[in-house]
Each structure stands twice: as structure tokens, then as C-alpha cells.
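Shown next: run_3.cif, containing mmCIF, C-alpha atoms.
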```cif
data_work
#
loop_
_atom_site.label_atom_id
_atom_site.label_comp_id
_atom_site.auth_asym_id
_atom_site.auth_seq_id
_atom_site.Cartn_x
_atom_site.Cartn_y
_atom_site.Cartn_z
CA MET A 1 -34.44 115.53 5.89
CA GLU A 2 -30.83 115.80 4.79
CA GLU A 3 -29.65 117.17 8.13
CA ASN A 4 -29.03 114.65 10.90
CA LEU A 5 -30.55 114.94 14.37
CA SER A 6 -27.44 116.52 15.89
CA GLU A 7 -27.38 119.29 13.27
CA LEU A 8 -31.11 119.89 13.68
CA CYS A 9 -30.74 120.18 17.47
CA ASN A 10 -27.92 122.69 17.15
CA LYS A 11 -29.96 124.71 14.69
CA HIS A 12 -33.41 124.61 16.29
CA LEU A 13 -33.02 124.03 20.03
CA PRO A 14 -32.18 126.82 22.49
CA LYS A 15 -28.91 126.19 24.34
CA TRP A 16 -30.57 125.12 27.58
CA LEU A 17 -32.41 122.32 25.77
CA GLN A 18 -29.15 121.05 24.27
CA ASP A 19 -27.80 120.20 27.73
CA ARG A 20 -27.38 116.41 27.79
CA ASP A 21 -27.57 116.34 31.59
CA ARG A 22 -31.02 117.89 31.34
CA THR A 23 -32.54 116.00 28.39
CA ILE A 24 -33.23 112.27 28.12
CA PHE A 25 -34.78 112.18 24.65
CA THR A 26 -34.79 114.15 21.37
CA GLN A 27 -36.38 113.14 18.08
CA PHE A 28 -37.29 114.84 14.81
CA ILE A 29 -41.04 114.59 14.19
CA GLU A 30 -42.92 115.25 10.98
CA ILE A 31 -46.71 115.29 11.33
CA ARG A 32 -47.19 116.65 7.81
CA PRO A 33 -44.76 118.05 5.24
CA ASN A 34 -45.38 121.54 6.63
CA ILE A 35 -45.64 120.51 10.32
CA ASN A 36 -42.36 119.36 11.80
CA PHE A 37 -40.45 119.94 15.00
CA ILE A 38 -38.04 118.39 17.49
CA ALA A 39 -39.59 116.51 20.41
CA VAL A 40 -37.64 116.93 23.65
CA ILE A 41 -38.17 115.20 27.00
CA LEU A 42 -36.38 116.40 30.11
CA VAL A 43 -35.26 114.54 33.21
CA SER A 44 -38.05 116.36 35.04
CA GLY A 45 -40.68 114.78 32.79
CA GLN A 46 -41.40 117.98 30.87
CA TYR A 47 -42.16 117.44 27.17
CA TYR A 48 -41.55 120.11 24.52
CA GLU A 49 -42.17 120.60 20.81
CA VAL A 50 -39.49 122.98 19.53
CA TRP A 51 -38.65 124.50 16.15
CA ASP A 52 -36.49 127.46 15.17
CA ARG A 53 -35.53 127.91 18.88
CA GLU A 54 -39.18 128.50 19.78
CA ILE A 55 -41.29 126.31 22.09
CA LEU A 56 -44.44 125.48 20.15
CA ARG A 57 -46.18 123.26 22.71
CA GLU A 58 -45.37 121.74 26.08
CA CYS A 59 -46.80 119.60 28.86
CA SER A 60 -45.72 117.75 32.00
CA LEU A 61 -45.87 114.00 31.58
CA GLU A 62 -45.82 113.33 35.31
CA ARG A 63 -44.84 114.91 38.60
CA ASN A 64 -41.91 112.67 39.49
CA ALA A 65 -39.81 113.60 42.53
CA GLY A 66 -36.96 111.33 41.49
CA GLY A 67 -36.98 112.36 37.85
CA PHE A 68 -36.50 110.16 34.78
CA SER A 69 -33.35 108.75 33.26
CA ALA A 70 -32.36 107.90 29.70
CA SER A 71 -31.09 104.55 31.03
CA GLU A 72 -34.72 103.54 31.65
CA GLY A 73 -35.23 103.41 27.89
CA VAL A 74 -37.21 106.15 26.18
CA SER A 75 -39.15 105.86 22.93
CA MET A 76 -41.92 107.71 21.14
CA ASP A 77 -44.33 106.65 18.42
CA ILE A 78 -47.05 108.62 16.65
CA PHE A 79 -50.53 107.17 16.34
CA PHE A 80 -53.16 108.65 14.01
CA SER A 81 -56.70 107.80 15.06
CA TYR A 82 -59.56 107.97 12.57
CA GLU A 83 -62.38 107.24 15.00
CA GLU A 84 -64.54 109.93 13.40
CA GLU A 85 -64.87 110.30 9.64
CA ASN A 86 -62.63 113.02 8.18
CA ALA A 87 -61.32 113.86 11.66
CA ARG A 88 -57.78 112.69 12.26
CA ARG A 89 -56.49 112.80 15.84
CA VAL A 90 -52.81 112.68 16.69
CA PHE A 91 -51.44 110.86 19.73
CA TYR A 92 -47.90 110.46 21.02
CA LEU A 93 -47.17 107.10 22.61
CA ILE A 94 -44.24 107.89 24.92
CA ARG A 95 -42.60 105.03 26.78
CA ILE A 96 -40.22 105.65 29.67
CA GLY A 97 -39.17 102.41 31.34
CA GLY A 98 -42.33 100.46 32.10
CA LYS A 99 -44.66 103.46 31.78
CA LEU A 100 -46.72 104.54 28.80
CA PHE A 101 -47.85 108.16 28.45
CA VAL A 102 -50.55 108.82 25.86
CA VAL A 103 -50.42 112.50 24.87
CA GLU A 104 -52.90 114.02 22.45
CA ARG A 105 -51.76 116.81 20.16
CA LEU A 106 -54.59 119.32 20.07
CA ARG A 107 -54.96 122.40 17.87
CA SER A 108 -52.80 124.62 20.07
CA SER A 109 -51.81 122.53 23.09
CA LEU A 110 -50.97 119.07 24.41
CA SER A 111 -52.95 116.94 26.83
CA VAL A 112 -51.85 113.85 28.79
CA ARG A 113 -54.86 111.58 28.21
CA MET A 114 -53.69 108.29 29.71
CA ILE A 115 -50.91 106.82 31.85
CA GLU A 116 -50.33 103.05 31.96
CA GLU A 117 -47.80 101.18 34.13
CA ASN A 118 -46.03 97.80 33.92
CA ILE A 119 -45.94 97.98 30.13
CA LEU A 120 -44.21 95.17 28.22
CA SER A 121 -44.86 96.32 24.64
CA VAL A 122 -46.84 98.78 22.55
CA GLU A 123 -47.61 97.98 18.91
CA ILE A 124 -49.50 99.92 16.25
CA GLU A 125 -51.47 97.60 13.97
CA ASP A 126 -53.81 97.89 11.02
CA LYS A 127 -55.27 94.41 10.78
CA SER A 128 -58.04 95.40 8.39
CA GLU A 129 -55.58 97.24 6.12
CA GLU A 130 -58.33 99.81 5.57
CA GLY A 131 -56.63 102.74 7.26
CA ASN A 132 -58.16 102.12 10.70
CA PRO A 133 -55.14 101.33 12.91
CA THR A 134 -55.31 100.32 16.55
CA VAL A 135 -52.79 100.09 19.36
CA LEU A 136 -52.06 96.78 21.11
CA ILE A 137 -50.90 97.41 24.69
CA THR A 138 -49.38 94.38 26.46
CA LYS A 139 -48.54 94.43 30.16
CA LYS A 140 -45.89 92.46 32.02
CA ASP A 141 -48.52 90.28 33.70
CA GLY A 142 -49.61 88.98 30.27
CA SER A 143 -52.81 91.03 30.03
CA PHE A 144 -53.39 93.06 26.89
CA ARG A 145 -55.95 95.23 25.19
CA GLU A 146 -56.51 96.76 21.78
CA THR A 147 -57.60 100.39 21.50
CA ASN A 148 -57.96 103.33 19.15
CA PHE A 149 -58.21 105.79 22.08
CA SER A 150 -61.89 106.57 21.74
CA GLU A 151 -63.08 109.64 23.60
CA LYS A 152 -65.11 107.50 26.03
CA GLU A 153 -62.08 105.39 26.91
CA LEU A 154 -59.88 108.46 27.36
CA GLU A 155 -62.41 110.18 29.61
CA ASP A 156 -62.50 107.09 31.84
CA ALA A 157 -58.68 106.99 31.93
CA GLU A 158 -58.42 110.69 32.81
CA ASP A 159 -60.46 110.09 35.96
CA GLU A 160 -57.56 107.97 37.22
CA ILE A 161 -54.83 110.55 36.51
CA GLU A 162 -53.85 112.98 39.26
CA PRO A 163 -55.86 116.17 38.58
CA SER A 164 -52.86 118.36 39.43
CA ILE A 165 -51.14 117.24 36.20
CA PHE A 166 -53.84 118.85 34.07
CA LEU A 167 -53.85 121.96 36.23
CA LEU A 168 -50.06 122.15 36.02
CA ASN A 169 -50.12 121.85 32.22
CA TYR A 170 -52.66 124.64 31.94
CA LEU A 171 -50.89 126.96 34.37
CA GLU A 172 -47.47 126.47 32.79
CA SER A 173 -48.83 127.07 29.29
CA HIS A 174 -50.87 130.10 30.42
CA LYS A 175 -47.88 131.56 32.32
CA ARG A 176 -45.65 131.26 29.24
CA ARG A 177 -48.24 133.00 27.02
CA LEU A 178 -48.65 135.83 29.55
CA GLU A 179 -44.91 136.35 29.91
CA SER A 180 -44.48 136.40 26.15
CA GLY A 181 -47.26 138.96 25.72
CA GLN A 182 -45.95 141.16 28.54
CA GLU A 183 -42.47 141.25 27.04
CA VAL A 184 -43.86 142.30 23.64
CA ARG A 185 -45.91 145.07 25.27
CA ARG A 186 -42.89 146.28 27.28
CA GLN A 187 -40.76 146.42 24.12
CA VAL A 188 -43.43 148.39 22.23
CA ILE A 189 -43.77 150.85 25.12
CA ARG A 190 -39.98 151.31 25.32
CA GLU A 191 -39.76 152.01 21.59
CA GLU A 192 -42.66 154.48 21.61
CA LEU A 193 -41.33 156.26 24.70
CA HIS A 194 -37.93 156.62 23.05
CA LYS A 195 -39.58 158.16 19.96
CA ILE A 196 -41.57 160.61 22.10
CA GLN A 197 -38.50 161.62 24.10
CA HIS A 198 -36.49 162.12 20.93
CA VAL A 199 -39.16 164.32 19.32
CA ALA A 200 -39.59 166.31 22.54
CA LYS A 201 -35.86 166.96 22.72
CA TYR A 202 -34.92 167.46 19.06
CA GLY A 203 -38.22 168.22 17.32
CA PRO A 204 -39.63 166.47 14.24
CA GLN A 205 -37.14 165.05 11.74
CA GLU A 206 -38.42 167.52 9.11
CA MET A 207 -36.75 170.33 11.05
CA HIS A 208 -33.28 168.88 10.49
CA ASP A 209 -31.29 168.50 7.31
CA GLY A 210 -28.85 165.96 8.70
CA ALA A 211 -29.22 162.55 10.29
CA PRO A 212 -31.25 162.26 13.51
CA ASP A 213 -28.08 161.68 15.55
CA GLU A 214 -26.66 165.00 14.29
CA ALA A 215 -29.70 167.07 15.35
CA ALA A 216 -29.17 169.71 18.03
CA PRO A 217 -31.48 169.73 21.06
CA LEU A 218 -34.34 172.23 20.86
CA VAL A 219 -34.23 172.84 24.59
CA LYS A 220 -31.85 172.73 27.53
CA TYR A 221 -32.85 171.92 31.07
CA GLY A 222 -31.66 173.71 34.19
CA GLU A 223 -31.29 172.44 37.72
CA VAL A 224 -34.34 171.06 39.49
CA TRP A 225 -35.65 173.47 42.14
CA ALA A 226 -38.13 173.06 45.00
CA LYS A 227 -39.99 175.40 47.33
CA PHE A 228 -42.85 175.35 49.81
CA HIS A 229 -46.15 176.99 48.84
CA ASN A 230 -49.32 176.78 50.99
CA ASP A 231 -48.09 173.70 52.86
CA ARG A 232 -47.12 171.98 49.63
CA ILE A 233 -43.77 171.26 48.02
CA VAL A 234 -43.49 172.49 44.44
CA PHE A 235 -40.82 171.18 42.10
CA GLY A 236 -39.74 172.79 38.85
CA ILE A 237 -37.23 172.44 36.04
CA PRO A 238 -36.09 175.50 34.02
CA ILE A 239 -36.41 174.94 30.26
CA PHE A 240 -34.45 177.12 27.84
CA ASN A 241 -35.28 177.43 24.16
CA THR A 242 -32.03 176.85 22.26
CA THR A 243 -33.50 177.73 18.87
CA TYR A 244 -34.41 181.37 19.67
CA THR A 245 -32.58 183.96 17.58
CA ARG A 246 -33.03 187.75 17.33
#
```
Here is the file; what I need is its structure written in the form of C-alpha cells.
Amino acid sequence: MEENLSELCNKHLPKWLQDRDRTIFTQFIEIRPNINFIAVILVSGQYYEVWDREILRECSLERNAGGFSASEGVSMDIFFSYEEENARRVFYLIRIGGKLFVVERLRSSLSVRMIEENILSVEIEDKSEEGNPTVLITKKDGSFRETNFSEKELEDAEDEIEPSIFLLNYLESHKRRLESGQEVRRQVIREELHKIQHVAKYGPQEMHDGAPDEAAPLVKYGEVWAKFHNDRIVFGIPIFNTTYTR
């Protein structure tokens, strides 16, 4: 893209995600020509996909009491796995210091599938040159393994990850969807209530020649009154028709 990363961040990130004391990593990502976003990682370990000031996806990489730091060295690569024919899977290989977080990009969410420690290097290779790449993970003790993140391997790795991480990801994502839906419903209710109140006070727009703001109220309200009747309190409001003429 013609715009640099700084311009993209100013344009697409909400202000709170532009705070350099809060973020340790930002990068423009293009999965396809029509799928692009800015990847953001916070000190807390929270990962976001953001575009047009809207959070598209998010997950917690790890519950870390001390937090992460940009000085640890942060990088992110994208790995496309073609384990199944005509089924491309997308993985983010996120390195923070000596840790590797393997995050899968699902249809509408993100999932931390694997966490590896004491990482020396991570390389994406396509030895066969037939479009079947693999990832070579080398650890600091000299051990290494080659993988394409098969479902069996990922399921075994997930058994070793703290279950609360998956629960946290689900709850945070679910909470954000609920809050977003509630705010939309509240706004719709406010707008409809305003319309009803306006019609009740001024009548339908067809009754007025001028603009709605220039319409005269159809009724006036008196003072609220109250009285006791059969051991009950009854409240009332006098309503006067302002449109009556002889």
C-alpha cells in the first residue's frame, strides 16, 4: 500500500491502541487483496486485528502477570497450511522473546493453538517447491522439528496449554459481542421512543405545514395530583387540548 504504517495506524486504530506505552507491536497484514488489517499486540499479551477503527478479531496470547515488552523482540509471520486439499488454513507465528505463539485465524475468531518456549528460530520452508510449505522450529538446546500444524499435532499441543486461556478468549469475545448488540438495541429504542413522544405531543407530521421543530404542541399538561381512594394512592396529570376551537 502507498500509505506507511504510521499513517495507517493513525487512520485505522482507535486512539487507545495508538498509545505506545500500551502497544509493543503493530504490523499491516494482507491475507488476500480484500482482507487486510493492522495486527496489534499489547503489553498485556492481548492480540487484536483492527481496521477502520473497528476490532475485527481478538485473543489473549497468554496470561502474563509481568506483561511483555517490545525490548524482548517481537515478530509475526503468516503461515498458510494446505494439509487438506482445497482447504487453506491461516496461522500467525508470533514470537515474543524466546516464546512462540501459534494462533489460527478461523472464520470469525482466533484460537491460540500452540505455545513453545526456548525458541531459537522459526523458518517457513517449501523444500518440495510444490506449494506445501512447512515450519522449521529450532530450540535453544539444539533440538528442532518440522511441522505443518496438522490437526492431530495441534490437539496434542492444546492439552498442554492452560485451559483458562481458551475460556478467557471465548468470554472476552462473547462479552464484546453482547455489549455491541446491547448498545445497538438501546440506540434503536431511544430513537423509537423519541418518535413516539414527538407524535404524542405534536401529532403526525401531516397535520403541520411547517418543519417539525415549528409544530405547536397538541396538548398541555397540568400539575401532577395525588389522592387516596380505598386505601390506594391515585396519581393523575391534567391534559388540555390546545387545538380545540369553537
Would you mind listing what lies within 7 Å of Leu61 (chain A) as a tab-separated table (two decimals) with C-alpha atoms, keeping the file's coordinate frame, with only C-alpha atoms counted and same-chain residues fewer than 4 positions away left out?
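Output file around_25.tsv is given in full below:
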```
chain	number	residue	atom	x	y	z
A	45	GLY	CA	-40.68	114.78	32.79
A	46	GLN	CA	-41.40	117.98	30.87
A	47	TYR	CA	-42.16	117.44	27.17
A	101	PHE	CA	-47.85	108.16	28.45
A	112	VAL	CA	-51.85	113.85	28.79
```
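For the choices A:Lys11, A:Lys127, A:Lys140, A:Lys227, the atom-to-atom distance to Gly98 (chain A) is smallest for A:Lys140 when using all atoms listed in the file.
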Point (-50.2, 108.2, 22.6) neighbourhood (12 Å, only C-alpha atoms) written as a count of residues only
41
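Using all atoms listed in the file, the shortest contact distance between Arg57 (chain A) and any of A:Leu17, A:Ile119, A:Val40, A:Ile96 is found at A:Val40.
Considering only C-alpha atoms, the residue among A:Glu117, A:Glu54, A:Ser44, A:Ile237 positioned nearest to Glu223 (chain A) is A:Ile237.
In this model, the gap between CA of Gly97 (chain A) and CA of Glu49 (chain A) comes to 21.2 Å.
Checking A:Asn230, A:Ser121, A:Asn132, A:Ser6 one by one against Phe28 (chain A), counting all atoms listed in the file, you find the shortest gap at A:Ser6.
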Residue nearest Thr138 (chain A) - candidates A:His12, A:Pro238, A:Asn118, A:Val50, atoms counted: all atoms listed in the file:
A:Asn118
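Residues in contact with Ala70 (chain A) at up to 10 Å, not including ones fewer than 2 positions away on its chain and judged by all atoms listed in the file, are Asp21, Thr23, Ile24, Phe25, Ile41, Leu42, Val43, Phe68, Glu72, Gly73, Val74, Ser75, Ile96 and Gly97 of chain A.
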Those same residues, written as a tab-separated table (two decimals), in the frame of the given file with C-alpha atoms?
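Okay, result_3.tsv is ready:
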```
chain	number	residue	atom	x	y	z
A	21	ASP	CA	-27.57	116.34	31.59
A	23	THR	CA	-32.54	116.00	28.39
A	24	ILE	CA	-33.23	112.27	28.12
A	25	PHE	CA	-34.78	112.18	24.65
A	41	ILE	CA	-38.17	115.20	27.00
A	42	LEU	CA	-36.38	116.40	30.11
A	43	VAL	CA	-35.26	114.54	33.21
A	68	PHE	CA	-36.50	110.16	34.78
A	72	GLU	CA	-34.72	103.54	31.65
A	73	GLY	CA	-35.23	103.41	27.89
A	74	VAL	CA	-37.21	106.15	26.18
A	75	SER	CA	-39.15	105.86	22.93
A	96	ILE	CA	-40.22	105.65	29.67
A	97	GLY	CA	-39.17	102.41	31.34
```
